[in-house]
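The next block holds one structure in the form of structure tokens; read it before the comments.
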Protein chains: 2
Amino acid sequence: MKTDLSALFCPSRVAVIGATEDPRKLGYHVMKSLLIGGFRGTIYPINPGRQEIMGLRAYASLEEIKEQVDMAILVIPAPFVAQQVRLCGRKGVGGIVLITAGFAEIDDPAGAKLQREIAEIASRSRTPIIGPNTFGLVSIKNSLNASFTPEFSLLKKGGISLISQSGGMSHLLAFLAMRDGVGFSNIVGVGNRCNVDFKDLLEWFVNDKDTRCIAMYLEGIDDARGLWVEARRLKGRKPVVGYKCATTQWGDVASRSHTGSLAGNPMIYKGAFSQGGILWVNSSEELLDAAKSLSECPLPKGRKVAILSGQAGPAMAAMDICIKGGLEVVRFSSKTQEKIEALLPPLALRSNPVDMGPAWYSSEAIKGIVETVLGADEIDLVLILVMFASANAGAVESLKGVLLDWKQKKPVITCLSSPPGIWDEAVRDLESKEALVNFPTPERAARAAVTLWQWCRMASGQ
Amino acid sequence: MKTDLSALFCPSRVAVIGATEDPRKLGYHVMKSLLIGGFRGTIYPINPGRQEIMGLRAYASLEEIKEQVDMAILVIPAPFVAQQVRLCGRKGVGGIVLITAGFAEIDDPAGAKLQREIAEIASRSRTPIIGPNTFGLVSIKNSLNASFTPEFSLLKKGGISLISQSGGMSHLLAFLAMRDGVGFSNIVGVGNRCNVDFKDLLEWFVNDKDTRCIAMYLEGIDDARGLWVEARRLKGRKPVVGYKCATTQWGDVASRSHTGSLAGNPMIYKGAFSQGGILWVNSSEELLDAAKSLSECPLPKGRKVAILSGQAGPAMAAMDICIKGGLEVVRFSSKTQEKIEALLPPLALRSNPVDMGPAWYSSEAIKGIVETVLGADEIDLVLILVMFASANAGAVESLKGVLLDWKQKKPVITCLSSPPGIWDEAVRDLESKEALVNFPTPERAARAAVTLWQWCRMASGQ
């Protein structure tokens with residue numbers, strides 16, 4: 001079935017089956033998430049023992065609610081789940097987030113059996129289920145936090161949609177994103193994938209207009225072939241990055257007991273990723289960096305990069321990564337070169353990379369060099385790398401007003417690094433207002449540039 | 001010559017030749033660095049045109065100073081340098097920091113000639129020179145900031161001594177360290193290495209009691225063989241990590257114009273590093289992470305790691321890296337296993353890795369599991385990985401009082417991650433008071449554990 005997931009990402013009415021005011025239970029945290037997340041629809045706490053929960057009228061059961069319910073979040077013990085899923089089907093609930101654990105991931109075969117039973121019930125009513133054994137899902141753009149972690153709502157709105165087989169990884173990526181000011185659109189913890197799997201969400205997000213990049217964290221899935229077929233079908237329509245863990249012989253054991261699937265052979269996944277236009281990354285940090293650049297930068301027209309730096313060392317580190325990653329650190333055209341030479345004294349590296357060090361004291365010169373290279377037809381991507389020094393304190397200020405025009409045209413990636421508190425605010429400001437895409441090290445900035453090019457190359461089948 | 005560098009790292013009297021109150025000149029920033037850095041000795045600003053600089057009596061020349069001068073910092077135009085170096089020799093100055101650029105790194109052969117001339121003058125008086133073409137040097141432990149960047153003094157005192165061929169990289173590493181709370185002992189920008197090279201500083205820091213790990217950033221050096229010989233001689237005496245940039249064909253050009261030396265073949269360096277017991281890393285981030293773990297953790301007795309996590313996904317990511325890096329994720333002894341099973345419900349992963357998730361609500365259980373594994377004879381290293389969730393908010397608190405006893409005995413590395421502002425203070429507190437060594441991602445924590453083991457293996461020649 002091609003599943004309509006709109007009830008899951010943009011519901012108006014949400015029931016929380018297992019809502020409670022007891023902070024030792026997940027039903028409490030789910031309620032808090034919805035409320036703190038600023039959900040704009042109606043919340044129906046369901047708990048037969050209560051009249052009111054967190055100031056909202058509580059219901060004894062789904063059947064008591066007169067209105068149509070779009071989404072039900074289930075946080076009740078496993079033995080009660082099947083019955084509630086059946087009720088949801090009967091009531092025409094549009095989608096279920098099944099947080100409860102204790103299904104295919106446990107040693108006892110009764111868990112897998114129960115999960116199959118639930119899948120059958122849901123398939124009869126065509127109800128999509130996220131989970132079981134998940135932290136939930138979050139749609140930042142819709143102010144919907146259907147998870148047991150209210151803090152997900154601290155995320156900035158952005159273009160990344162994450163499909164993740166691990167709650168821990170989803171939390172980690174969200175926290176890293178908050179610290180780096182990276183924006184998300186959606187985060188989905190797929191858990192044991194009862195009837196909504198990676199391939200369904202991949203298709204959904206490819207067609208979701210607010211998603212600019214899809215990030216995936218996988219351990220092991222039963223229907224790897226299904227994902228591969230779907231990824232190939234959708235290849236090139238939207239940037240997709242994948243991080244596959246459990247790649248050692250021990251992975252299978254751990255992965256099975258985590259979300260109920262074998263990890264499988266990593267080489268097969270690597271090949272499938274490549275054929276399906278999914279960029280392979282090797283860590284959570286790389287996943288976030290890649291998703292950030294792909295969601296925030298325009299794609300480059302070619303592989304020719306210019307490196308502008310405030311100091312030679314970081315430029316060299318970046319150059320190594322660019323060249324190894326397939327970018328070309330080209331010679332400037334004579335027109336570009338002349339303009340740069342007019343702005344920099346002869347002592348400096350004035351070719352590519354350009355060492356802007358000697359122009360430290362001149363905001364106008366830095367601005368002039370950056371604008372020259374942005375406007376140079378022979379350049380497809382631009383890296384700007386400046387480490388603070390007491391003598392170049394104005395460097396970030398001199399980028400003001402320069403990048404915005406290029407937001408849609410040419411990827412510009414920076415590493416502007418300073419002691420805490422010195423450039424942070426100015427960088428955040430340029431990030432939010434002028435399309436600055438900044439990374440904490442020159443190597444990570446360079447890798448982000450390489451990512452953009454590699455995705456283009458893979459998507460076009462080169 | 002075996003050089004005595006004590007005047008450079010622990011001087012009592014420092015002359016700044018080229019001191020000024022003009023903020024557009026580096027002599028201003030050097031004065032600020034010494035003053036703000038809290039230098040406890042005497043500063044002699046030298047500038048023939050001034051009576052007083054920043055509230056200190058100014059001198060027309062070195063010769064006017066009656067006392068012995070330990071260190072002279074030179075921030076004057078290149079043509080005046082030789083004469084001042086000669087004066088320093090005559091006055092018996094113990095060491096020179098030569099910030100001025102315009103020597104072997106410039107296209108004009110006059111630069112190289114001038115540098116040779118200075119080297120000759122200095123060799124006659126046996127005066128060690130850091131530079132030319134350097135930002136300077138910083139000795140955090142001695143409150144000496146002999147650089148043009150006062151902000152270096154924001155660094156925490158610690159066990160890392162950095163020898164760097166790039167000012168930009170030194171600044172970057174310092175800023176990253178400030179943000180992550182990593183401590184440094186010394187930072188030296190070697191610049192063009194007039195007569196003090198990597199090998200001299202390597203020996204110095206191997207013998208320096210406050211340096212627990214030596215980090216090196218290299219682009220290319222003329223006397224690579226000299227470094228290799230010295231590193232082999234000193235091999236295993238102290239952890240050394242090296243990051244070599246300019247590893248592509250373009251590197252030679254850029255490197256030569258940066259600090260006057262060819263980059264050379266990276267494979268030769270890689271081999272030399274390995275024979276010399278210098279751990280090879282691939283980025284500034286890896287360099288800092290490796291130096292942090294090697295300077296803050298005891299070395300492991302073996303390769304057996306235990307992974308304790310709050311969530312399965314991060315544990316799996318860490319496990320991949322541990323296994324690929326040569327660590328063994330061993331089975332616990334039955335004694336250890338029994339203790340853990342008494343503390344965790346059967347649903348959880350209770351082998352290695354241990355998923356402490358189900359013990360979220362119980363600080364006592366988490367504490368018990370951590371203590372059990374710390375005390376287990378079969379375990380050489382411990383990784384603790386917990387991502388914040390609203391339900392496990394007390395996890396960091398439950399580590400309080402647990403790790404300090406193990407500071408000298410067994411490496412414990414953590415990734416405790418939360419939204420900004422939630423666990424940060426508690427983590428910093430445990431870092432400063434209880435020997436917590438924390439990293440921002442599970443992969444970086446795992447790589448730090450691998451680093452410890454790899455260095456032990458390399459140092460022992462296995």
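Going through the structure tokens in order, the chains are called A, B, and so on, while each chain numbers its residues from 1 and the ligands are numbered from 1 in the order shown.
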
Handout entry: Residue set, range 152-225 of chain A restricted to alpha helix (DSSP H), as a PyMOL selection string
Key = chain A and resi 167-180+198-206+224-225

Problem - Spatial neighbours of Leu114 in chain A, max dist 10 Å, only C-alpha atoms, sep filter under 6 positions, as a PyMOL selection string - result: chain A and resi 78-79+81-82+102-104+120

Please identify all polymer residues within 10 Å of range 27-34 of chain A, counting only C-alpha atoms, omitting same-chain residues fewer than 2 positions from it, and present them as a compact mmCIF listing (two decimals) with all heavy atoms, in the first residue's frame.
```txt
# COMPACT_ATOMS: atom_id res chain seq x y z
N VAL A 14 -5.11 15.04 18.28
CA VAL A 14 -4.21 13.98 18.72
C VAL A 14 -4.67 13.38 20.05
O VAL A 14 -4.89 14.11 21.02
CB VAL A 14 -2.77 14.53 18.88
CG1 VAL A 14 -1.84 13.46 19.45
CG2 VAL A 14 -2.24 15.03 17.54
N ALA A 15 -4.83 12.07 20.07
CA ALA A 15 -5.16 11.38 21.33
C ALA A 15 -3.90 10.75 21.91
O ALA A 15 -3.09 10.19 21.17
CB ALA A 15 -6.21 10.31 21.06
N VAL A 16 -3.74 10.89 23.22
CA VAL A 16 -2.60 10.25 23.89
C VAL A 16 -3.14 9.12 24.77
O VAL A 16 -3.69 9.37 25.85
CB VAL A 16 -1.80 11.26 24.74
CG1 VAL A 16 -0.62 10.57 25.41
CG2 VAL A 16 -1.32 12.42 23.87
N ILE A 17 -3.02 7.91 24.28
CA ILE A 17 -3.56 6.77 25.00
C ILE A 17 -2.51 6.29 26.00
O ILE A 17 -1.47 5.77 25.61
CB ILE A 17 -3.97 5.65 24.01
CG1 ILE A 17 -4.95 6.24 22.98
CG2 ILE A 17 -4.58 4.46 24.76
CD1 ILE A 17 -5.44 5.26 21.92
N GLY A 18 -2.79 6.56 27.28
CA GLY A 18 -1.79 6.31 28.32
C GLY A 18 -1.25 7.60 28.89
O GLY A 18 -0.19 7.63 29.52
N ALA A 19 -1.97 8.70 28.65
CA ALA A 19 -1.56 9.99 29.23
C ALA A 19 -1.62 9.90 30.75
O ALA A 19 -2.48 9.21 31.30
CB ALA A 19 -2.49 11.10 28.73
N THR A 20 -0.70 10.59 31.40
CA THR A 20 -0.67 10.53 32.86
C THR A 20 0.06 11.75 33.42
O THR A 20 0.77 12.44 32.68
CB THR A 20 0.02 9.24 33.37
OG1 THR A 20 0.37 9.39 34.75
CG2 THR A 20 1.31 8.97 32.60
N GLU A 21 -0.11 12.00 34.70
CA GLU A 21 0.64 13.08 35.35
C GLU A 21 1.78 12.52 36.19
O GLU A 21 2.44 13.24 36.93
CB GLU A 21 -0.29 13.94 36.20
CG GLU A 21 -1.13 14.87 35.33
CD GLU A 21 -2.02 15.82 36.12
OE1 GLU A 21 -2.20 15.57 37.34
OE2 GLU A 21 -2.52 16.80 35.53
N ASP A 22 2.01 11.22 36.07
CA ASP A 22 3.09 10.58 36.83
C ASP A 22 4.40 10.69 36.05
O ASP A 22 4.58 10.02 35.02
CB ASP A 22 2.72 9.11 37.07
CG ASP A 22 3.81 8.36 37.82
OD1 ASP A 22 4.91 8.92 38.01
OD2 ASP A 22 3.54 7.21 38.21
N PRO A 23 5.33 11.52 36.53
CA PRO A 23 6.55 11.79 35.74
C PRO A 23 7.46 10.57 35.58
O PRO A 23 8.42 10.62 34.83
CB PRO A 23 7.27 12.90 36.52
CG PRO A 23 6.67 12.90 37.88
CD PRO A 23 5.28 12.31 37.76
N ARG A 24 7.16 9.48 36.28
CA ARG A 24 7.97 8.27 36.07
C ARG A 24 7.47 7.47 34.88
O ARG A 24 8.01 6.44 34.55
CB ARG A 24 7.96 7.41 37.34
CG ARG A 24 8.76 8.01 38.50
CD ARG A 24 8.44 7.30 39.78
NE ARG A 24 6.97 7.20 39.93
CZ ARG A 24 6.37 6.47 40.86
NH1 ARG A 24 7.08 5.78 41.71
NH2 ARG A 24 5.05 6.44 40.93
N LYS A 25 6.41 7.96 34.23
CA LYS A 25 5.88 7.23 33.08
C LYS A 25 6.02 8.04 31.80
O LYS A 25 5.93 9.27 31.80
CB LYS A 25 4.41 6.88 33.33
CG LYS A 25 4.29 5.90 34.49
CD LYS A 25 2.92 5.27 34.58
CE LYS A 25 2.97 4.11 35.59
NZ LYS A 25 1.61 3.65 35.93
N ILE A 36 4.40 21.64 25.46
CA ILE A 36 5.54 22.55 25.36
C ILE A 36 5.87 22.83 23.90
O ILE A 36 6.30 23.91 23.54
CB ILE A 36 6.76 21.96 26.12
CG1 ILE A 36 6.53 22.08 27.62
CG2 ILE A 36 8.05 22.66 25.70
CD1 ILE A 36 7.62 21.46 28.47
N GLY A 37 5.68 21.81 23.06
CA GLY A 37 5.98 21.98 21.63
C GLY A 37 5.06 22.96 20.93
O GLY A 37 5.27 23.31 19.78
N GLY A 38 4.01 23.38 21.64
CA GLY A 38 3.12 24.39 21.06
C GLY A 38 2.18 23.83 20.00
O GLY A 38 1.79 24.53 19.06
N PHE A 39 1.79 22.56 20.18
CA PHE A 39 0.86 21.96 19.22
C PHE A 39 -0.40 22.81 19.10
O PHE A 39 -1.01 23.17 20.09
CB PHE A 39 0.52 20.52 19.67
CG PHE A 39 -0.46 19.83 18.78
CD1 PHE A 39 -0.18 19.65 17.42
CD2 PHE A 39 -1.67 19.37 19.27
CE1 PHE A 39 -1.09 19.02 16.58
CE2 PHE A 39 -2.59 18.74 18.44
CZ PHE A 39 -2.30 18.57 17.10
N ARG A 40 -0.80 23.11 17.88
CA ARG A 40 -1.89 24.06 17.68
C ARG A 40 -3.26 23.40 17.56
O ARG A 40 -4.29 24.08 17.50
CB ARG A 40 -1.61 24.92 16.44
CG ARG A 40 -0.47 25.91 16.67
CD ARG A 40 -0.23 26.76 15.44
NE ARG A 40 0.24 25.94 14.33
CZ ARG A 40 1.52 25.88 13.94
NH1 ARG A 40 2.44 26.58 14.56
NH2 ARG A 40 1.86 25.11 12.92
N GLY A 41 -3.30 22.06 17.52
CA GLY A 41 -4.59 21.37 17.42
C GLY A 41 -5.13 21.01 18.80
O GLY A 41 -4.76 21.61 19.80
N THR A 42 -6.01 20.00 18.83
CA THR A 42 -6.61 19.56 20.09
C THR A 42 -5.94 18.29 20.59
O THR A 42 -5.64 17.39 19.81
CB THR A 42 -8.12 19.27 19.88
OG1 THR A 42 -8.68 20.37 19.15
CG2 THR A 42 -8.84 19.11 21.20
N ILE A 43 -5.69 18.26 21.91
CA ILE A 43 -5.09 17.07 22.52
C ILE A 43 -6.14 16.37 23.37
O ILE A 43 -6.82 17.01 24.17
CB ILE A 43 -3.89 17.48 23.42
CG1 ILE A 43 -2.86 18.28 22.61
CG2 ILE A 43 -3.24 16.25 24.05
CD1 ILE A 43 -1.82 19.01 23.47
N TYR A 44 -6.25 15.06 23.20
CA TYR A 44 -7.17 14.27 23.99
C TYR A 44 -6.40 13.27 24.85
O TYR A 44 -6.01 12.22 24.36
CB TYR A 44 -8.14 13.48 23.09
CG TYR A 44 -8.95 14.35 22.15
CD1 TYR A 44 -8.50 14.62 20.87
CD2 TYR A 44 -10.19 14.86 22.54
CE1 TYR A 44 -9.25 15.40 19.99
CE2 TYR A 44 -10.94 15.65 21.67
CZ TYR A 44 -10.46 15.91 20.40
OH TYR A 44 -11.21 16.68 19.55
N PRO A 45 -6.17 13.61 26.12
CA PRO A 45 -5.50 12.63 26.99
C PRO A 45 -6.48 11.49 27.28
O PRO A 45 -7.64 11.75 27.61
CB PRO A 45 -5.21 13.42 28.27
CG PRO A 45 -5.56 14.85 27.97
CD PRO A 45 -6.51 14.85 26.83
N ILE A 46 -6.01 10.27 27.15
CA ILE A 46 -6.89 9.13 27.43
C ILE A 46 -6.32 8.32 28.58
O ILE A 46 -5.19 7.84 28.53
CB ILE A 46 -7.07 8.26 26.18
CG1 ILE A 46 -7.78 9.10 25.10
CG2 ILE A 46 -7.87 6.99 26.50
CD1 ILE A 46 -8.13 8.36 23.85
N ASN A 47 -7.13 8.23 29.65
CA ASN A 47 -6.73 7.49 30.85
C ASN A 47 -8.01 7.25 31.63
O ASN A 47 -8.62 8.19 32.13
CB ASN A 47 -5.74 8.34 31.67
CG ASN A 47 -5.23 7.59 32.89
OD1 ASN A 47 -5.95 6.76 33.46
ND2 ASN A 47 -4.01 7.89 33.28
N ILE A 53 -6.12 15.84 32.88
CA ILE A 53 -4.67 15.65 32.90
C ILE A 53 -4.00 16.90 32.36
O ILE A 53 -4.31 17.36 31.26
CB ILE A 53 -4.26 14.39 32.08
CG1 ILE A 53 -4.68 13.12 32.83
CG2 ILE A 53 -2.75 14.37 31.81
CD1 ILE A 53 -4.50 11.84 32.07
N MET A 54 -3.11 17.48 33.14
CA MET A 54 -2.40 18.71 32.78
C MET A 54 -3.37 19.79 32.28
O MET A 54 -3.11 20.48 31.29
CB MET A 54 -1.33 18.45 31.73
CG MET A 54 -0.24 17.49 32.22
SD MET A 54 1.14 17.33 31.08
CE MET A 54 2.07 16.00 31.89
N ILE A 73 -1.27 8.56 19.91
CA ILE A 73 0.04 8.17 20.43
C ILE A 73 -0.20 7.14 21.52
O ILE A 73 -0.95 7.41 22.47
CB ILE A 73 0.79 9.39 21.00
CG1 ILE A 73 0.85 10.52 19.97
CG2 ILE A 73 2.20 8.99 21.44
CD1 ILE A 73 1.41 11.83 20.51
N LEU A 74 0.39 5.98 21.37
CA LEU A 74 0.16 4.90 22.35
C LEU A 74 1.35 4.74 23.28
O LEU A 74 2.46 4.45 22.84
CB LEU A 74 -0.11 3.57 21.62
CG LEU A 74 -1.59 3.28 21.24
CD1 LEU A 74 -2.15 4.36 20.35
CD2 LEU A 74 -1.73 1.91 20.62
N VAL A 75 1.10 4.98 24.57
CA VAL A 75 2.13 4.76 25.59
C VAL A 75 1.52 3.92 26.70
O VAL A 75 1.31 4.38 27.81
CB VAL A 75 2.65 6.09 26.20
CG1 VAL A 75 4.00 6.46 25.65
CG2 VAL A 75 1.65 7.24 26.02
N ILE A 76 1.22 2.69 26.35
CA ILE A 76 0.58 1.76 27.30
C ILE A 76 1.36 0.44 27.24
O ILE A 76 2.09 0.21 26.29
CB ILE A 76 -0.89 1.51 26.91
CG1 ILE A 76 -0.96 1.19 25.40
CG2 ILE A 76 -1.77 2.71 27.25
CD1 ILE A 76 -2.34 0.85 24.90
N ILE A 99 4.72 4.04 20.85
CA ILE A 99 5.97 4.20 21.60
C ILE A 99 6.33 2.92 22.37
O ILE A 99 7.50 2.57 22.51
CB ILE A 99 5.84 5.43 22.53
CG1 ILE A 99 5.86 6.71 21.67
CG2 ILE A 99 6.93 5.45 23.60
CD1 ILE A 99 5.69 8.01 22.42
N PHE A 135 10.80 6.44 20.16
CA PHE A 135 10.61 7.62 21.01
C PHE A 135 9.50 8.48 20.44
O PHE A 135 9.03 9.40 21.09
CB PHE A 135 11.89 8.44 21.10
CG PHE A 135 12.29 9.04 19.80
CD1 PHE A 135 11.88 10.33 19.45
CD2 PHE A 135 13.03 8.32 18.87
CE1 PHE A 135 12.21 10.88 18.23
CE2 PHE A 135 13.36 8.87 17.64
CZ PHE A 135 12.96 10.15 17.32
N GLY A 136 9.11 8.22 19.17
CA GLY A 136 8.03 9.00 18.57
C GLY A 136 8.43 9.72 17.31
O GLY A 136 9.37 9.31 16.62
N VAL A 138 8.62 13.89 15.45
CA VAL A 138 8.58 15.32 15.68
C VAL A 138 8.48 16.01 14.33
O VAL A 138 9.24 15.70 13.42
CB VAL A 138 9.88 15.80 16.38
CG1 VAL A 138 9.80 17.27 16.73
CG2 VAL A 138 10.17 14.96 17.62
N SER A 143 4.99 22.32 14.50
CA SER A 143 4.96 22.44 15.96
C SER A 143 4.37 21.20 16.62
O SER A 143 3.66 21.29 17.62
CB SER A 143 4.17 23.68 16.40
OG SER A 143 4.71 24.83 15.82
N LEU A 144 4.64 20.05 16.03
CA LEU A 144 4.13 18.80 16.58
C LEU A 144 5.27 18.00 17.20
O LEU A 144 6.18 17.57 16.50
CB LEU A 144 3.48 17.96 15.46
CG LEU A 144 3.11 16.53 15.85
CD1 LEU A 144 1.87 16.52 16.75
CD2 LEU A 144 2.88 15.66 14.61
N ASN A 145 5.23 17.83 18.51
CA ASN A 145 6.22 17.00 19.17
C ASN A 145 5.52 15.77 19.75
O ASN A 145 5.03 15.78 20.87
CB ASN A 145 6.96 17.79 20.26
CG ASN A 145 8.09 16.98 20.89
OD1 ASN A 145 8.14 15.76 20.76
ND2 ASN A 145 8.99 17.66 21.59
N ALA A 146 5.44 14.72 18.94
CA ALA A 146 4.76 13.49 19.36
C ALA A 146 5.80 12.49 19.83
O ALA A 146 5.88 11.37 19.35
CB ALA A 146 3.95 12.93 18.20
N SER A 147 6.62 12.93 20.80
CA SER A 147 7.69 12.07 21.31
C SER A 147 7.70 12.15 22.82
O SER A 147 7.00 12.97 23.41
CB SER A 147 9.04 12.54 20.79
OG SER A 147 9.55 13.61 21.58
N PHE A 148 8.56 11.33 23.45
CA PHE A 148 8.64 11.44 24.92
C PHE A 148 9.73 12.41 25.36
O PHE A 148 10.10 12.44 26.53
CB PHE A 148 8.76 10.06 25.58
CG PHE A 148 9.93 9.20 25.18
CD1 PHE A 148 11.24 9.62 25.33
CD2 PHE A 148 9.70 7.92 24.65
CE1 PHE A 148 12.30 8.81 24.98
CE2 PHE A 148 10.76 7.09 24.29
CZ PHE A 148 12.07 7.54 24.45
N THR A 149 10.24 13.23 24.44
CA THR A 149 11.27 14.20 24.80
C THR A 149 10.87 15.62 24.41
O THR A 149 11.03 16.03 23.26
CB THR A 149 12.62 13.82 24.14
OG1 THR A 149 12.97 12.49 24.57
CG2 THR A 149 13.72 14.78 24.54
N PRO A 150 10.35 16.38 25.37
CA PRO A 150 9.89 17.75 25.07
C PRO A 150 10.98 18.60 24.44
O PRO A 150 10.70 19.49 23.64
CB PRO A 150 9.50 18.29 26.45
CG PRO A 150 9.25 17.10 27.31
CD PRO A 150 10.12 16.01 26.78
N GLU A 151 12.26 18.32 24.79
CA GLU A 151 13.36 19.17 24.33
C GLU A 151 13.56 19.15 22.81
O GLU A 151 14.23 20.03 22.27
CB GLU A 151 14.66 18.79 25.04
CG GLU A 151 14.72 19.19 26.52
CD GLU A 151 13.90 18.29 27.44
OE1 GLU A 151 13.39 17.24 26.96
OE2 GLU A 151 13.75 18.64 28.62
N PHE A 152 12.97 18.19 22.11
CA PHE A 152 13.06 18.23 20.64
C PHE A 152 12.50 19.54 20.09
O PHE A 152 12.90 20.00 19.03
CB PHE A 152 12.29 17.06 20.01
CG PHE A 152 13.08 15.78 19.92
CD1 PHE A 152 12.65 14.64 20.57
CD2 PHE A 152 14.25 15.71 19.17
CE1 PHE A 152 13.38 13.44 20.49
CE2 PHE A 152 14.98 14.53 19.07
CZ PHE A 152 14.54 13.39 19.73
N SER A 153 11.57 20.12 20.85
CA SER A 153 10.95 21.35 20.36
C SER A 153 11.88 22.55 20.39
O SER A 153 11.54 23.62 19.89
CB SER A 153 9.67 21.64 21.16
OG SER A 153 8.76 20.58 20.97
N ALA B 389 17.38 12.41 27.92
CA ALA B 389 15.96 12.40 27.58
C ALA B 389 15.28 12.90 28.84
O ALA B 389 15.83 12.80 29.94
CB ALA B 389 15.48 11.02 27.21
N SER B 390 14.14 13.45 28.65
CA SER B 390 13.43 14.02 29.77
C SER B 390 13.32 13.00 30.92
O SER B 390 13.37 13.34 32.10
CB SER B 390 12.08 14.47 29.23
OG SER B 390 11.18 14.72 30.20
N ALA B 391 13.28 11.71 30.56
CA ALA B 391 13.12 10.67 31.58
C ALA B 391 14.42 10.24 32.25
O ALA B 391 14.40 9.57 33.27
CB ALA B 391 12.44 9.45 30.96
```

Each residue of chain B with at least one atom at most 6 Å from chain A should appear once, together with its nearest atom pair and the corresponding distance in Å (one decimal); atoms considered: only C-alpha atoms; ordering: chain, then increasing residue number; output as a tab-separated table.
```
residue	atom	partner	partner_atom	distance
B:Thr149	CA	A:Ser390	CA	5.4
B:Ser166	CA	A:Gly313	CA	5.1
B:Gly168	CA	A:Gln311	CA	5.1
B:Met169	CA	A:Gly313	CA	5.8
B:Phe175	CA	A:Pro419	CA	4.8
B:Cys245	CA	A:Ala317	CA	5.6
B:Ala246	CA	A:Met316	CA	5.6
B:Thr248	CA	A:Asp320	CA	5.8
B:Gln311	CA	A:Gly168	CA	5.1
B:Gly313	CA	A:Ser166	CA	5.1
B:Pro314	CA	A:Met169	CA	6.0
B:Met316	CA	A:Ala246	CA	5.6
B:Ala317	CA	A:Cys245	CA	5.6
B:Asp320	CA	A:Thr248	CA	5.8
B:Ala389	CA	A:Thr149	CA	5.7
B:Ser390	CA	A:Thr149	CA	5.4
B:Ser418	CA	A:Phe175	CA	5.8
B:Pro419	CA	A:Phe175	CA	4.8
```

Handout entry: Length of the CA of Ala112 in chain B to CA of Asn192 in chain B vector [Å]
Key =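 Interatomic distance here is 9.8 Å.
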
Handout entry: Residue neighbourhood range 396-401 of chain A, 6 Å, only C-alpha atoms, exclusion window fewer than 2 positions, as a list in words
Key = Ser363, Lys367 and Gly394 of chain A

How would the residues just chosen look if you wrote them out with N, CA, C and O atoms as an mmCIF file, in the first residue's frame?
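Final file, out_26.cif:
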```cif
data_model
loop_
_atom_site.group_PDB
_atom_site.id
_atom_site.type_symbol
_atom_site.label_atom_id
_atom_site.label_comp_id
_atom_site.auth_asym_id
_atom_site.auth_seq_id
_atom_site.Cartn_x
_atom_site.Cartn_y
_atom_site.Cartn_z
ATOM 1 N N SER A 363 38.632 45.740 6.042
ATOM 2 C CA SER A 363 37.349 45.124 5.757
ATOM 3 C C SER A 363 37.021 45.224 4.279
ATOM 4 O O SER A 363 36.476 44.303 3.677
ATOM 5 N N LYS A 367 36.118 42.109 1.826
ATOM 6 C CA LYS A 367 34.846 42.151 1.110
ATOM 7 C C LYS A 367 35.082 42.070 -0.395
ATOM 8 O O LYS A 367 34.416 41.321 -1.116
ATOM 9 N N GLY A 394 37.518 42.185 12.981
ATOM 10 C CA GLY A 394 36.428 42.692 12.147
ATOM 11 C C GLY A 394 36.080 41.814 10.957
ATOM 12 O O GLY A 394 35.192 42.161 10.171
#
```

Practice task
With a distance cut-off of 9 Å and only C-alpha atoms, select the neighbouring residues of Cys194 in chain A, excluding the residue or stretch itself and same-chain residues fewer than 6 positions from it, and output the selection as a PyMOL selection string.
Solution key: chain A and resi 115-116+118-119+128-132

Exercise for the section: Calculate how many Å separate CA of Leu201 in chain A from CA of Val450 in chain A, rounding to one decimal. Expected result: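 Between CA of Leu201 in chain A and CA of Val450 in chain A the gap is 26.5 Å.
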
Practice task
Please provide as a ChimeraX atom specification all residues within 12 Å of Lys409 in chain B, with the sequence filter that same-chain residues fewer than 2 positions apart are discarded (counting only C-alpha atoms).
Solution key: /B:296-301,374-375,377,379-382,403-407,411-412,435
